[in-house]
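Colleague: Input data35.cif, format and content: mmCIF, C-alpha atoms.
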data_start
#
loop_
_atom_site.group_PDB
_atom_site.id
_atom_site.type_symbol
_atom_site.label_atom_id
_atom_site.label_comp_id
_atom_site.auth_asym_id
_atom_site.auth_seq_id
_atom_site.Cartn_x
_atom_site.Cartn_y
_atom_site.Cartn_z
ATOM 1 C CA MET A 17 21.738 -9.698 -39.672
ATOM 2 C CA LYS A 18 23.211 -12.735 -37.911
ATOM 3 C CA GLN A 19 25.024 -10.478 -35.470
ATOM 4 C CA SER A 20 21.803 -8.577 -34.703
ATOM 5 C CA ASN A 21 19.910 -11.802 -34.097
ATOM 6 C CA SER A 22 22.693 -13.044 -31.850
ATOM 7 C CA GLU A 23 22.677 -9.801 -29.855
ATOM 8 C CA LEU A 24 18.890 -9.911 -29.523
ATOM 9 C CA LYS A 25 19.015 -13.527 -28.376
ATOM 10 C CA THR A 26 21.649 -12.671 -25.764
ATOM 11 C CA PHE A 27 19.652 -9.675 -24.588
ATOM 12 C CA ASN A 28 16.429 -11.714 -24.354
ATOM 13 C CA GLU A 29 18.166 -14.403 -22.294
ATOM 14 C CA PHE A 30 19.614 -11.778 -19.968
ATOM 15 C CA SER A 31 16.220 -10.079 -19.673
ATOM 16 C CA GLN A 32 14.512 -13.363 -18.863
ATOM 17 C CA GLN A 33 17.018 -14.139 -16.090
ATOM 18 C CA SER A 34 16.742 -10.642 -14.665
ATOM 19 C CA PHE A 35 12.955 -10.761 -14.752
ATOM 20 C CA SER A 36 12.916 -14.121 -12.957
ATOM 21 C CA ALA A 37 15.057 -12.713 -10.164
ATOM 22 C CA VAL A 38 13.088 -9.484 -9.859
ATOM 23 C CA SER A 39 9.621 -11.025 -10.152
ATOM 24 C CA ASN A 40 10.103 -13.043 -6.941
ATOM 25 C CA ASP A 41 11.081 -9.891 -5.080
ATOM 26 C CA PHE A 42 8.140 -8.047 -6.599
ATOM 27 C CA VAL A 43 5.703 -10.727 -5.373
ATOM 28 C CA LYS A 44 7.189 -10.582 -1.864
ATOM 29 C CA HIS A 45 7.055 -6.779 -1.746
ATOM 30 C CA THR A 46 3.474 -6.787 -3.010
ATOM 31 C CA LYS A 47 2.456 -9.130 -0.182
ATOM 32 C CA VAL A 48 4.205 -6.913 2.361
ATOM 33 C CA LEU A 49 2.445 -3.799 1.037
ATOM 34 C CA LYS A 50 -0.951 -5.520 1.111
ATOM 35 C CA GLY A 51 -0.296 -6.568 4.703
ATOM 36 C CA LEU A 52 0.719 -3.034 5.649
ATOM 37 C CA LYS A 53 -2.419 -1.628 4.041
ATOM 38 C CA ALA A 54 -4.592 -4.082 5.960
ATOM 39 C CA ASP A 55 -2.843 -3.129 9.209
ATOM 40 C CA LEU A 56 -3.272 0.591 8.542
ATOM 41 C CA ASP A 57 -6.936 0.131 7.619
ATOM 42 C CA TYR A 58 -7.466 -1.688 10.924
ATOM 43 C CA ILE A 59 -5.657 1.039 12.888
ATOM 44 C CA PHE A 60 -7.569 3.892 11.230
ATOM 45 C CA LYS A 61 -10.898 2.105 11.687
ATOM 46 C CA HIS A 62 -10.311 1.695 15.410
ATOM 47 C CA THR A 63 -8.958 5.227 15.726
ATOM 48 C CA ARG A 64 -12.180 6.545 14.192
ATOM 49 C CA GLN A 65 -14.223 4.413 16.580
ATOM 50 C CA LEU A 66 -12.280 5.727 19.570
ATOM 51 C CA LYS A 67 -12.709 9.291 18.330
ATOM 52 C CA GLU A 68 -16.463 8.772 18.039
ATOM 53 C CA LYS A 69 -16.667 7.362 21.580
ATOM 54 C CA ILE A 70 -14.618 10.220 23.019
ATOM 55 C CA GLN A 71 -16.642 12.751 21.047
ATOM 56 C CA ALA A 72 -19.878 11.268 22.401
ATOM 57 C CA LYS A 73 -18.604 11.243 25.981
ATOM 58 C CA TYR A 74 -16.800 14.619 25.913
ATOM 59 C CA PRO A 75 -18.401 16.763 23.180
ATOM 60 C CA GLU A 76 -17.033 19.959 24.717
ATOM 61 C CA ALA A 77 -13.484 18.818 23.929
ATOM 62 C CA PHE A 78 -14.230 18.978 20.217
ATOM 63 C CA VAL A 79 -15.898 22.373 20.172
ATOM 64 C CA GLY A 80 -14.030 24.870 18.013
ATOM 65 C CA LEU A 81 -11.835 22.310 16.277
ATOM 66 C CA PRO A 82 -11.753 22.532 12.493
ATOM 67 C CA ALA A 83 -13.595 19.763 10.702
ATOM 68 C CA ARG A 84 -11.410 17.303 8.814
ATOM 69 C CA PRO A 85 -13.733 15.321 6.555
ATOM 70 C CA ASP A 86 -10.761 13.902 4.670
ATOM 71 C CA LEU A 87 -9.697 12.055 7.829
ATOM 72 C CA ASP A 88 -13.169 10.925 8.848
ATOM 73 C CA GLU A 89 -14.094 9.164 5.625
ATOM 74 C CA GLU A 90 -13.217 5.536 5.138
ATOM 75 C CA GLU A 91 -11.562 4.697 1.828
ATOM 76 C CA ASP A 92 -11.917 1.421 -0.041
#
Represent the structure contained in this file as structure tokens.

Modeller:
Amino acid sequence: MKQSNSELKTFNEFSQQSFSAVSNDFVKHTKVLKGLKADLDYIFKHTRQLKEKIQAKYPEAFVGLPARPDLDEEED
């Protein structure tokens, strides 16, 4: 029983140290991913706006193209 408790204590200490090291990286990577998502949302929003302007100015260029509603919808 004492040996099991000692092993569990050692494992918990190791786990706590490992978690501390990994949690900082996780926070950094989460911030990077949120920034990337914001950048991509901005790019897709402006791409859609440009597409709408071009489609309004040159509607004949879009005749016969298959509709892609999955690309036209904005996601939250």

Colleague: In Å to one decimal, how far is atom CA of Pro82 of chain A from atom CA of Lys53 of chain A?

Modeller: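 Pair atom CA of Lys53 of chain A / atom CA of Pro82 of chain A returns 27.2 Å.
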
Colleague: Atom CA of Tyr74 of chain A to atom CA of Asp57 of chain A: how many Å, to one decimal?

Modeller: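 One can read the atom CA of Tyr74 of chain A to atom CA of Asp57 of chain A distance as 25.3 Å.
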
Colleague: Between atom CA of Lys47 of chain A and atom CA of Arg64 of chain A, what is the distance in Å, rounded to a tenth?

Modeller: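 Going from atom CA of Lys47 of chain A over to atom CA of Arg64 of chain A covers 25.8 Å.
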
Colleague: For segment 27-34 of chain A, what centre and edge lengths in Å (one decimal) does the axis-aligned box get once 6 Å is added on each side of all its listed atoms, as AutoDock Vina command-line options?

Modeller:
--center_x 17.1 --center_y -12.0 --center_z -19.6 --size_x 17.1 --size_y 16.7 --size_z 21.9

Colleague: Counting only C-alpha atoms, which residues of segment 44-65 of chain A sit at most 12 Å from some atom of segment 34-40 of chain A, and what is each one's closest atom pair with its distance in Å to one decimal, listed by chain and rising residue number, as a Markdown table?

Modeller:
| residue | atom | partner | partner_atom | distance |
| --- | --- | --- | --- | --- |
| A:Lys44 | CA | A:Asn40 | CA | 6.4 |
| A:His45 | CA | A:Asn40 | CA | 8.7 |
| A:Thr46 | CA | A:Asn40 | CA | 9.9 |
| A:Lys47 | CA | A:Asn40 | CA | 10.9 |
